[in-house]
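Trainee: Okay, so here is start_5.txt, and as you'll see once you scroll down, it has compact mmCIF, C-alpha atoms.
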# COMPACT_ATOMS: atom_id res chain seq x y z
CA MET A 123 -100.02 -86.50 -120.66
CA THR A 124 -103.17 -85.25 -118.92
CA GLU A 125 -102.64 -86.77 -115.47
CA GLY A 126 -104.94 -85.11 -112.94
CA TYR A 127 -107.04 -83.23 -115.49
CA GLU A 128 -108.80 -86.02 -117.42
CA ALA A 129 -112.14 -85.04 -115.87
CA TRP A 130 -112.01 -81.65 -117.64
CA ILE A 131 -111.76 -83.13 -121.16
CA GLY A 132 -115.21 -82.99 -122.73
CA ARG A 133 -116.50 -80.48 -120.18
CA GLU A 134 -119.09 -78.14 -121.69
CA GLU A 135 -120.77 -74.83 -120.94
CA GLN A 136 -123.22 -72.61 -122.77
CA SER A 137 -124.27 -68.97 -122.58
CA THR A 138 -126.64 -66.68 -124.48
CA GLU A 139 -126.28 -62.95 -125.15
CA ARG A 140 -127.62 -60.24 -127.41
CA ILE A 141 -124.99 -58.92 -129.83
CA LEU A 142 -125.36 -55.28 -128.80
CA SER A 143 -124.57 -52.59 -131.36
CA SER A 144 -123.42 -50.27 -128.54
CA VAL A 145 -120.61 -52.69 -127.64
CA VAL A 146 -119.51 -53.03 -131.29
CA LYS A 147 -119.57 -49.24 -131.62
CA ALA A 148 -117.32 -48.94 -128.57
CA LEU A 149 -114.81 -51.34 -130.14
CA ALA A 150 -114.78 -49.28 -133.34
CA ALA A 151 -114.07 -46.16 -131.27
CA ALA A 152 -111.27 -47.93 -129.38
CA LEU A 153 -109.67 -48.94 -132.70
CA ASP A 154 -110.24 -45.46 -134.17
CA LEU A 155 -112.50 -46.76 -136.96
CA GLU A 156 -115.18 -44.72 -138.69
CA TYR A 157 -117.90 -47.31 -138.26
CA SER A 158 -121.40 -47.03 -136.84
CA PRO A 159 -123.02 -50.48 -136.54
CA HIS A 160 -126.73 -51.01 -137.18
CA ALA A 161 -129.10 -53.84 -136.31
CA GLY A 162 -129.04 -56.63 -138.88
CA GLU A 163 -125.55 -55.90 -140.19
CA PRO A 164 -122.93 -58.67 -139.96
CA LEU A 165 -120.77 -58.61 -136.84
CA PRO A 166 -117.19 -57.62 -137.80
CA PRO A 167 -114.61 -60.42 -137.37
CA GLY A 168 -112.96 -60.35 -133.97
CA ALA A 169 -115.89 -58.53 -132.37
CA GLN A 170 -117.30 -61.87 -131.17
CA TRP A 171 -114.63 -61.80 -128.46
CA LEU A 172 -116.46 -58.91 -126.79
CA PHE A 173 -119.30 -61.26 -125.89
CA PHE A 174 -119.82 -64.41 -123.80
CA ASN A 175 -116.98 -63.57 -121.43
CA PRO A 176 -117.20 -64.84 -117.83
CA VAL A 177 -118.67 -62.37 -115.34
CA VAL A 178 -117.74 -63.29 -111.77
CA ARG A 179 -117.74 -61.41 -108.49
CA ARG A 180 -114.54 -59.72 -107.35
CA SER A 181 -114.24 -62.18 -104.46
CA GLU A 182 -114.08 -65.02 -107.02
CA LEU A 183 -111.03 -63.67 -108.86
CA GLY A 184 -107.52 -65.03 -108.57
CA THR A 185 -104.51 -62.82 -107.83
CA ASP A 186 -103.87 -62.47 -111.58
CA GLY A 187 -107.31 -60.89 -112.13
CA HIS A 188 -108.75 -63.90 -113.97
CA PRO A 189 -111.62 -65.94 -112.50
CA ARG A 190 -110.24 -68.50 -110.05
CA ARG A 191 -109.22 -71.72 -111.72
CA GLY A 192 -111.13 -74.93 -111.41
CA GLY A 193 -114.47 -73.94 -112.95
CA PHE A 194 -114.88 -74.61 -116.64
CA LEU A 195 -111.10 -74.54 -117.24
CA PRO A 196 -108.85 -76.95 -115.30
CA PRO A 197 -107.03 -75.66 -112.16
CA ILE A 198 -103.53 -75.77 -113.65
CA ASP A 199 -101.19 -74.27 -111.07
CA LEU A 200 -98.89 -72.20 -113.26
CA PRO A 201 -98.97 -68.39 -113.04
CA ARG A 202 -98.88 -67.38 -116.71
CA ARG A 203 -102.08 -68.07 -118.63
CA MET A 204 -102.07 -66.91 -122.24
CA TRP A 205 -104.27 -67.19 -125.30
CA ALA A 206 -101.76 -68.74 -127.69
CA GLY A 207 -103.81 -68.84 -130.88
CA SER A 208 -107.02 -69.83 -132.62
CA ARG A 209 -108.42 -71.43 -135.75
CA ILE A 210 -111.63 -69.58 -136.67
CA ARG A 211 -114.24 -70.43 -139.29
CA TYR A 212 -116.82 -67.80 -140.23
CA LEU A 213 -119.69 -70.01 -141.41
CA ALA A 214 -122.56 -67.53 -141.68
CA ASP A 215 -123.22 -63.89 -140.81
CA LEU A 216 -123.92 -63.21 -137.14
CA SER A 217 -126.23 -60.21 -137.10
CA ILE A 218 -125.79 -57.26 -134.79
CA GLU A 219 -128.61 -57.09 -132.19
CA ALA A 220 -129.39 -60.80 -132.72
CA ARG A 221 -129.67 -63.11 -129.73
CA ALA A 222 -126.88 -65.67 -130.01
CA THR A 223 -125.68 -68.70 -128.06
CA ARG A 224 -122.11 -69.87 -127.56
CA HIS A 225 -121.49 -73.52 -126.79
CA SER A 226 -118.01 -74.34 -125.46
CA ARG A 227 -116.30 -77.70 -125.04
CA ILE A 228 -112.80 -78.67 -123.86
CA LEU A 229 -111.30 -80.80 -126.63
CA LYS A 230 -107.91 -81.70 -125.20
CA ILE A 231 -105.34 -81.02 -122.49
CA GLU A 232 -101.64 -81.64 -123.11
CA ASN A 233 -98.50 -81.35 -121.00
CA LYS A 234 -95.17 -80.50 -122.61
CA THR A 235 -91.76 -79.24 -121.50
CA GLY A 236 -90.38 -76.01 -122.92
CA LYS A 237 -87.04 -74.24 -122.60
CA ARG A 238 -88.17 -72.57 -119.35
CA GLY A 239 -90.05 -75.46 -117.78
CA PRO A 240 -93.44 -77.17 -117.93
CA LEU A 241 -96.18 -76.09 -120.31
CA TRP A 242 -99.85 -77.06 -120.33
CA PHE A 243 -102.01 -76.58 -123.42
CA VAL A 244 -105.80 -76.54 -123.24
CA THR A 245 -107.81 -76.51 -126.49
CA VAL A 246 -111.40 -75.25 -126.29
CA GLN A 247 -113.93 -75.32 -129.11
CA HIS A 248 -116.46 -72.48 -129.21
CA THR A 249 -119.46 -72.50 -131.55
CA ILE A 250 -121.64 -69.37 -131.76
CA SER A 251 -125.10 -69.96 -133.21
CA CYS A 252 -128.15 -67.85 -133.97
CA ASP A 253 -131.60 -69.41 -134.45
CA GLY A 254 -129.93 -72.81 -134.43
CA ILE A 255 -127.56 -71.95 -137.30
CA PRO A 256 -123.81 -72.12 -136.53
CA CYS A 257 -122.22 -68.78 -137.44
CA ILE A 258 -118.70 -68.91 -135.98
CA SER A 259 -116.62 -71.94 -135.00
CA GLU A 260 -113.32 -71.49 -133.20
CA GLU A 261 -110.70 -73.76 -131.70
CA GLN A 262 -108.83 -71.74 -129.10
CA ASP A 263 -105.48 -72.73 -127.58
CA ILE A 264 -104.69 -71.61 -124.04
CA VAL A 265 -101.19 -72.14 -122.65
CA TYR A 266 -100.07 -72.18 -119.02
CA ARG A 267 -96.42 -71.70 -118.04
CA ASP A 268 -94.12 -70.51 -115.26
CA ALA A 269 -93.38 -66.83 -114.86
CA THR A 270 -89.92 -65.50 -115.64
CA PRO A 271 -88.36 -64.54 -112.28
CA ARG A 272 -87.47 -60.88 -111.90
CA GLY A 273 -83.79 -60.38 -112.56
CA ALA A 274 -83.45 -63.65 -114.47
CA ALA A 275 -81.05 -63.63 -117.37
CA ALA A 276 -82.81 -62.67 -120.56
CA GLY A 277 -83.04 -65.27 -123.27
CA PRO A 278 -81.57 -64.73 -126.72
CA ALA A 279 -82.98 -61.75 -128.57
CA PRO A 280 -85.67 -62.72 -131.11
CA LYS A 281 -84.39 -62.94 -134.65
CA PRO A 282 -85.69 -60.35 -137.13
CA TYR A 283 -88.51 -61.84 -139.16
CA ASP A 284 -87.67 -62.27 -142.84
CA GLY A 285 -91.21 -62.03 -144.23
CA VAL A 286 -91.53 -59.67 -147.19
CA SER A 287 -94.74 -57.65 -147.09
CA GLN A 288 -96.93 -56.14 -149.80
CA TRP A 289 -98.71 -53.97 -147.24
CA SER A 290 -97.66 -52.52 -143.90
CA ARG A 291 -99.30 -50.32 -141.28
CA SER A 292 -97.97 -49.11 -137.94
CA VAL A 293 -99.86 -49.45 -134.63
CA GLU A 294 -98.94 -47.56 -131.47
CA PRO A 295 -100.41 -49.37 -128.45
CA ASP A 296 -100.89 -46.90 -125.60
CA THR A 297 -102.31 -47.45 -122.12
CA THR A 298 -105.73 -46.08 -123.14
CA LEU A 299 -106.10 -48.66 -125.92
CA LEU A 300 -105.16 -51.49 -123.55
CA PHE A 301 -107.52 -50.19 -120.86
CA ARG A 302 -110.43 -49.86 -123.28
CA TYR A 303 -109.93 -53.35 -124.71
CA SER A 304 -109.70 -54.87 -121.23
CA ALA A 305 -112.94 -53.10 -120.31
CA LEU A 306 -114.74 -54.13 -123.51
CA THR A 307 -113.85 -57.81 -122.99
CA PHE A 308 -114.28 -57.67 -119.19
CA ASN A 309 -110.72 -59.00 -118.99
CA GLY A 310 -109.27 -58.47 -115.52
CA HIS A 311 -105.86 -59.96 -116.29
CA ARG A 312 -103.50 -57.55 -114.59
CA ILE A 313 -100.67 -57.83 -117.12
CA HIS A 314 -102.63 -55.44 -119.35
CA TYR A 315 -103.06 -52.54 -116.87
CA ASP A 316 -101.02 -53.16 -113.68
CA GLN A 317 -97.38 -52.45 -114.55
CA ALA A 318 -95.97 -53.51 -111.17
CA TYR A 319 -97.81 -56.83 -111.32
CA ALA A 320 -96.79 -57.48 -114.94
CA ARG A 321 -93.16 -56.79 -114.10
CA ASP A 322 -92.76 -58.18 -110.59
CA GLU A 323 -95.14 -61.16 -110.60
CA GLU A 324 -95.18 -62.41 -114.20
CA GLY A 325 -91.74 -61.22 -115.29
CA TYR A 326 -92.71 -59.01 -118.22
CA PRO A 327 -90.80 -55.76 -118.90
CA ASP A 328 -94.03 -53.73 -119.25
CA LEU A 329 -97.78 -53.95 -119.88
CA VAL A 330 -98.66 -56.63 -122.43
CA VAL A 331 -100.79 -56.00 -125.53
CA HIS A 332 -103.73 -58.44 -125.60
CA GLY A 333 -103.28 -61.26 -128.11
CA PRO A 334 -106.90 -61.06 -129.32
CA LEU A 335 -106.51 -57.30 -129.76
CA THR A 336 -103.61 -57.89 -132.15
CA ALA A 337 -105.61 -60.65 -133.86
CA THR A 338 -108.59 -58.29 -134.25
CA LEU A 339 -106.34 -55.67 -135.84
CA LEU A 340 -104.95 -58.29 -138.22
CA GLN A 341 -108.47 -59.34 -139.24
CA GLN A 342 -109.36 -55.71 -139.94
CA PHE A 343 -106.12 -55.44 -141.93
CA ALA A 344 -107.10 -58.56 -143.90
CA LEU A 345 -110.47 -57.04 -144.83
CA GLU A 346 -108.71 -53.92 -146.11
CA HIS A 347 -106.88 -56.11 -148.65
CA GLY A 348 -109.61 -58.67 -149.37
CA ALA A 349 -111.35 -56.91 -152.28
CA GLY A 350 -114.54 -56.43 -150.26
CA ARG A 351 -115.02 -60.13 -149.53
CA PRO A 352 -116.01 -61.36 -146.05
CA LEU A 353 -113.67 -63.63 -144.13
CA ALA A 354 -114.26 -67.37 -144.25
CA ARG A 355 -111.25 -68.43 -142.19
CA PHE A 356 -108.72 -66.78 -139.92
CA ASP A 357 -106.00 -68.68 -138.06
CA PHE A 358 -103.47 -67.02 -135.80
CA ARG A 359 -100.63 -67.94 -133.44
CA GLY A 360 -98.92 -65.72 -130.91
CA VAL A 361 -95.13 -65.91 -131.06
CA THR A 362 -93.61 -63.04 -129.06
CA PRO A 363 -95.39 -60.58 -126.71
CA LEU A 364 -95.94 -56.96 -127.69
CA PHE A 365 -95.72 -54.20 -125.08
CA VAL A 366 -97.33 -50.86 -124.42
CA GLY A 367 -95.62 -47.80 -125.86
CA ARG A 368 -93.67 -49.77 -128.46
CA ALA A 369 -95.03 -49.43 -131.98
CA PHE A 370 -95.44 -52.57 -134.06
CA LYS A 371 -96.48 -53.23 -137.66
CA LEU A 372 -99.32 -55.13 -139.27
CA GLU A 373 -97.99 -56.66 -142.47
CA GLY A 374 -99.09 -59.14 -145.10
CA GLN A 375 -98.97 -60.48 -148.61
CA GLN A 376 -101.20 -62.47 -150.94
CA VAL A 377 -100.14 -66.05 -151.55
CA GLU A 378 -100.76 -68.28 -154.55
CA ASP A 379 -104.04 -69.87 -153.51
CA GLY A 380 -105.70 -66.50 -152.94
CA THR A 381 -105.30 -66.49 -149.18
CA LEU A 382 -103.39 -63.84 -147.27
CA ALA A 383 -100.34 -64.44 -145.13
CA LEU A 384 -100.38 -61.90 -142.32
CA TRP A 385 -98.21 -61.08 -139.35
CA ALA A 386 -97.49 -58.55 -136.64
CA ARG A 387 -93.85 -57.46 -136.64
CA GLY A 388 -92.51 -56.23 -133.31
CA PRO A 389 -90.51 -53.04 -132.77
CA ASP A 390 -87.19 -54.86 -133.11
CA GLY A 391 -88.25 -56.65 -136.29
CA GLU A 392 -89.28 -59.84 -134.51
CA LEU A 393 -92.32 -61.94 -135.40
CA ALA A 394 -94.98 -61.27 -132.76
CA MET A 395 -97.99 -63.01 -134.34
CA SER A 396 -98.50 -65.01 -137.53
CA ALA A 397 -101.85 -65.50 -139.26
CA THR A 398 -103.58 -66.65 -142.43
CA ALA A 399 -106.87 -65.39 -143.84
CA ALA A 400 -109.17 -66.80 -146.50
CA PHE A 401 -112.33 -65.27 -147.93
CA ARG A 402 -115.76 -66.46 -149.00
What's the structure tokens form of this structure?
Mentor:
Amino acid sequence: MTEGYEAWIGREEQSTERILSSVVKALAAALDLEYSPHAGEPLPPGAQWLFFNPVVRRSELGTDGHPRRGGFLPPIDLPRRMWAGSRIRYLADLSIEARATRHSRILKIENKTGKRGPLWFVTVQHTISCDGIPCISEEQDIVYRDATPRGAAAGPAPKPYDGVSQWSRSVEPDTTLLFRYSALTFNGHRIHYDQAYARDEEGYPDLVVHGPLTATLLQQFALEHGAGRPLARFDFRGVTPLFVGRAFKLEGQQVEDGTLALWARGPDGELAMSATAAFR
């Protein structure tokens, strides 16, 4: 059901930016990577999310820190807006310092009912091109839902994930990492840096780790176990939020068809994000 939002289906927008090496270098520093990008090198997977982000005046922000609703995205009146997952295809190298264009189109809008009330799903397709050649294609799912009222009874504890990993690495998300990633992506969503807002307005127990940050770490993890091959495909889905100050693990294994099954395991053993990666 899309009642009230049909006009947003098929809506398009386009923007052009230079893929600055200085921005990619800042991401590497934030992730503690020994990497110094140079013009002409391929953009690392996940770094595309540092570019083409909306830049609006402070007076045009909503109370959550996002741009006010009703522009490109539909004005769905639910307080929690989350990036639920993506299906990414790396079609060709996108060179650092190249001038690139991202074309975005709303593919579909769906209304469902979850355990805690109404849910709206918006799927947006982004295609990043350089010199007319598509380099990255992504279908991105955005979900809108009600906040959990403060003091509400907690739901059942997540079950420990039973995935068996070949590789595992621990990540400790501190406030500096969250601040730097918010700054790099020009993401004003207050759940990542305003503890009182995250707790009192959106019902989280603490600051929330960005979904695309976790997905970027998983893509880097995939490359570490991909025998030097570049990514061709990366799909991910957020399952359970991760929070500042609580270490989580990046884990994975190779499956029969040569792809990698990857996941982020939360501090209590729960599945926080699932992903698959395939290589060229």
Trainee: Which residues are near Ala129 in chain A? Cut-off 12 Å, all atoms listed in the file, ignore same chain within fewer than 5 positions. Put them as JSON, numbers by chain.
Mentor: {"A": [124, 134, 192, 193, 194, 195, 196, 197, 228, 229, 230, 231]}
Trainee: Give the answer as one residue: which of A:Tyr283, A:Phe365, A:Trp385, A:Tyr127 has the shortest atom-to-atom distance to Arg321 in chain A, using all atoms listed in the file?
Mentor: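 Result for the nearest residue to Arg321 in chain A: A:Phe365.
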Trainee: Using all atoms listed in the file, find each residue in range 263-347 of chain A having at least one atom no more than 6 Å away from range 167-186 of chain A; report its shortest atom-to-atom pair and that distance in Å (one decimal), rows by chain then rising number, as a tab-separated table.
Mentor:
residue	atom	partner	partner_atom	distance
A:Thr307	CA	A:Leu172	CA	4.7
A:His311	CA	A:Asp186	CA	5.7
A:Arg312	CA	A:Asp186	CA	5.8
A:Thr338	CA	A:Gly168	CA	4.8
Trainee: For Leu165 in chain A, list every protein, DNA or RNA residue within 12 Å, evaluated using all atoms listed in the file, and leave out those in the same chain fewer than 3 positions away; present the list as a PyMOL selection string.
Mentor: chain A and resi 140-143+145-147+149-150+157-162+168-173+212+214-220+222+250+257-258+352-353
Trainee: Quick check, in Å to one decimal: how far apart do CA of Asp154 in chain A and CA of Glu260 in chain A lie?
Mentor: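 Between these atoms lies a distance of 26.2 Å.
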Trainee: Could you build a table of the residues in range 287-318 of chain A lying no more than 12 Å from range 388-395 of chain A, giving for each the nearest pair of atoms and their separation in Å rounded to one decimal place, using all atoms listed in the file, ordered by chain and ascending residue number, as JSON lines?
Mentor:
{"residue": "A:Ser292", "atom": "CA", "partner": "A:Pro389", "partner_atom": "CA", "distance": 9.9}
{"residue": "A:Val293", "atom": "CA", "partner": "A:Gly388", "partner_atom": "CA", "distance": 10.1}
{"residue": "A:Glu294", "atom": "CA", "partner": "A:Pro389", "partner_atom": "CA", "distance": 10.1}
{"residue": "A:Pro295", "atom": "CA", "partner": "A:Pro389", "partner_atom": "CA", "distance": 11.4}
Trainee: Between A:Asp199, A:Asp322, A:Asp284, A:Glu128, which is the closest to Glu373 in chain A once you count only C-alpha atoms?
Mentor: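 Ranking A:Asp199, A:Asp322, A:Asp284, A:Glu128 by distance to Glu373 in chain A, first place goes to A:Asp284.
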Trainee: Nearest to Gln262 in chain A among A:Glu378, A:Asp357, A:Glu156, A:Asp296, with distances taken over all atoms listed in the file: which residue is it?
Mentor: A:Asp357
Trainee: Put a box with edges along x, y and z around all the listed atoms of range 246-265 of chain A, pad it by 4 Å on each side, then give me its centre and sizes in Å, one decimal, as lines of an AutoDock Vina configuration file.
Mentor:
center_x = -116.4
center_y = -71.6
center_z = -130.0
size_x = 38.4
size_y = 15.5
size_z = 22.8
Trainee: Determine the nearest neighbour of Trp205 in chain A from the options A:Ala148, A:Leu153, A:Leu300, A:Ala337, counting only C-alpha atoms.
Mentor: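 That would be A:Ala337, the residue with the smallest distance to Trp205 in chain A.
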Trainee: Can you measure CA of Arg291 in chain A to CA of Phe308 in chain A for me? One decimal in Å is fine.
Mentor: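 A separation of 27.7 Å between them.
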Trainee: Between CA of Gly380 in chain A and CA of Ala354 in chain A, what is the distance, to one decimal in Å?
Mentor: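 One can read the CA of Gly380 in chain A to CA of Ala354 in chain A distance as 12.2 Å.
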Trainee: From the list A:Arg203, A:Pro334, A:Gln375, A:Asp253, which residue is nearest Leu306 in chain A when using only C-alpha atoms?
Mentor: A:Pro334
Trainee: Extract, using all atoms listed in the file, all DNA, RNA and protein residues at most 7 Å from range 329-332 of chain A, discarding same-chain residues fewer than 2 positions from it, and format them as a ChimeraX atom specification.
Mentor: /A:300,313-315,317,320,334-336,363-366
Trainee: Dump C-alpha atoms for the selected residues as a PDB file, in the frame of the given file?
Mentor:
ATOM      1  CA  LEU A 300    -105.160 -51.490-123.550  1.00  0.00           C
ATOM      2  CA  ILE A 313    -100.670 -57.830-117.120  1.00  0.00           C
ATOM      3  CA  HIS A 314    -102.630 -55.440-119.350  1.00  0.00           C
ATOM      4  CA  TYR A 315    -103.060 -52.540-116.870  1.00  0.00           C
ATOM      5  CA  GLN A 317     -97.380 -52.450-114.550  1.00  0.00           C
ATOM      6  CA  ALA A 320     -96.790 -57.480-114.940  1.00  0.00           C
ATOM      7  CA  PRO A 334    -106.900 -61.060-129.320  1.00  0.00           C
ATOM      8  CA  LEU A 335    -106.510 -57.300-129.760  1.00  0.00           C
ATOM      9  CA  THR A 336    -103.610 -57.890-132.150  1.00  0.00           C
ATOM     10  CA  PRO A 363     -95.390 -60.580-126.710  1.00  0.00           C
ATOM     11  CA  LEU A 364     -95.940 -56.960-127.690  1.00  0.00           C
ATOM     12  CA  PHE A 365     -95.720 -54.200-125.080  1.00  0.00           C
ATOM     13  CA  VAL A 366     -97.330 -50.860-124.420  1.00  0.00           C
TER      14      VAL A 366
END
Trainee: With all atoms listed in the file as the atoms that count, which of A:Leu340, A:Ile131, A:Val246, A:Ile264 lies nearest to Ala399 in chain A?
Mentor: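 Among the listed residues, the smallest separation from Ala399 in chain A belongs to A:Leu340.
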Trainee: Can range 364-385 of chain A be brought up to N, CA and C atoms and written out as a short mmCIF file (atom, residue, chain, number, x, y, z; two decimals), in the coordinates of the input?
Mentor:
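Result written to rebuild02.cif:
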data_model
loop_
_atom_site.label_atom_id
_atom_site.label_comp_id
_atom_site.auth_asym_id
_atom_site.auth_seq_id
_atom_site.Cartn_x
_atom_site.Cartn_y
_atom_site.Cartn_z
N LEU A 364 -96.08 -58.38 -127.37
CA LEU A 364 -95.94 -56.96 -127.69
C LEU A 364 -96.23 -56.16 -126.43
N PHE A 365 -95.62 -54.97 -126.33
CA PHE A 365 -95.72 -54.20 -125.08
C PHE A 365 -96.18 -52.78 -125.34
N VAL A 366 -96.80 -52.22 -124.34
CA VAL A 366 -97.33 -50.86 -124.42
C VAL A 366 -96.22 -49.87 -124.76
N GLY A 367 -96.58 -48.87 -125.56
CA GLY A 367 -95.62 -47.80 -125.86
C GLY A 367 -94.58 -48.15 -126.89
N ARG A 368 -94.65 -49.36 -127.45
CA ARG A 368 -93.67 -49.77 -128.46
C ARG A 368 -94.43 -50.12 -129.74
N ALA A 369 -94.28 -49.27 -130.74
CA ALA A 369 -95.03 -49.43 -131.98
C ALA A 369 -94.66 -50.73 -132.68
N PHE A 370 -95.67 -51.37 -133.26
CA PHE A 370 -95.44 -52.57 -134.06
C PHE A 370 -96.15 -52.40 -135.39
N LYS A 371 -95.91 -53.34 -136.31
CA LYS A 371 -96.48 -53.23 -137.66
C LYS A 371 -97.38 -54.41 -137.98
N LEU A 372 -98.49 -54.11 -138.64
CA LEU A 372 -99.32 -55.13 -139.27
C LEU A 372 -98.84 -55.25 -140.71
N GLU A 373 -98.53 -56.47 -141.13
CA GLU A 373 -97.99 -56.66 -142.47
C GLU A 373 -98.62 -57.89 -143.11
N GLY A 374 -98.53 -57.98 -144.43
CA GLY A 374 -99.09 -59.14 -145.10
C GLY A 374 -98.79 -59.16 -146.58
N GLN A 375 -99.12 -60.30 -147.17
CA GLN A 375 -98.97 -60.48 -148.61
C GLN A 375 -99.98 -61.52 -149.08
N GLN A 376 -100.32 -61.46 -150.36
CA GLN A 376 -101.20 -62.47 -150.94
C GLN A 376 -100.35 -63.64 -151.40
N VAL A 377 -100.86 -64.85 -151.13
CA VAL A 377 -100.14 -66.05 -151.55
C VAL A 377 -100.89 -66.70 -152.71
N GLU A 378 -100.30 -67.75 -153.27
CA GLU A 378 -100.76 -68.28 -154.55
C GLU A 378 -102.20 -68.74 -154.57
N ASP A 379 -102.68 -69.32 -153.49
CA ASP A 379 -104.04 -69.87 -153.51
C ASP A 379 -105.11 -68.83 -153.20
N GLY A 380 -104.74 -67.56 -153.18
CA GLY A 380 -105.70 -66.50 -152.94
C GLY A 380 -105.88 -66.12 -151.49
N THR A 381 -105.25 -66.85 -150.59
CA THR A 381 -105.30 -66.49 -149.18
C THR A 381 -104.27 -65.41 -148.89
N LEU A 382 -104.36 -64.83 -147.71
CA LEU A 382 -103.39 -63.84 -147.27
C LEU A 382 -102.54 -64.41 -146.15
N ALA A 383 -101.25 -64.19 -146.24
CA ALA A 383 -100.34 -64.44 -145.13
C ALA A 383 -100.16 -63.12 -144.40
N LEU A 384 -100.41 -63.12 -143.11
CA LEU A 384 -100.38 -61.90 -142.32
C LEU A 384 -99.50 -62.09 -141.10
N TRP A 385 -98.99 -60.98 -140.58
CA TRP A 385 -98.21 -61.08 -139.35
C TRP A 385 -98.14 -59.71 -138.68
#
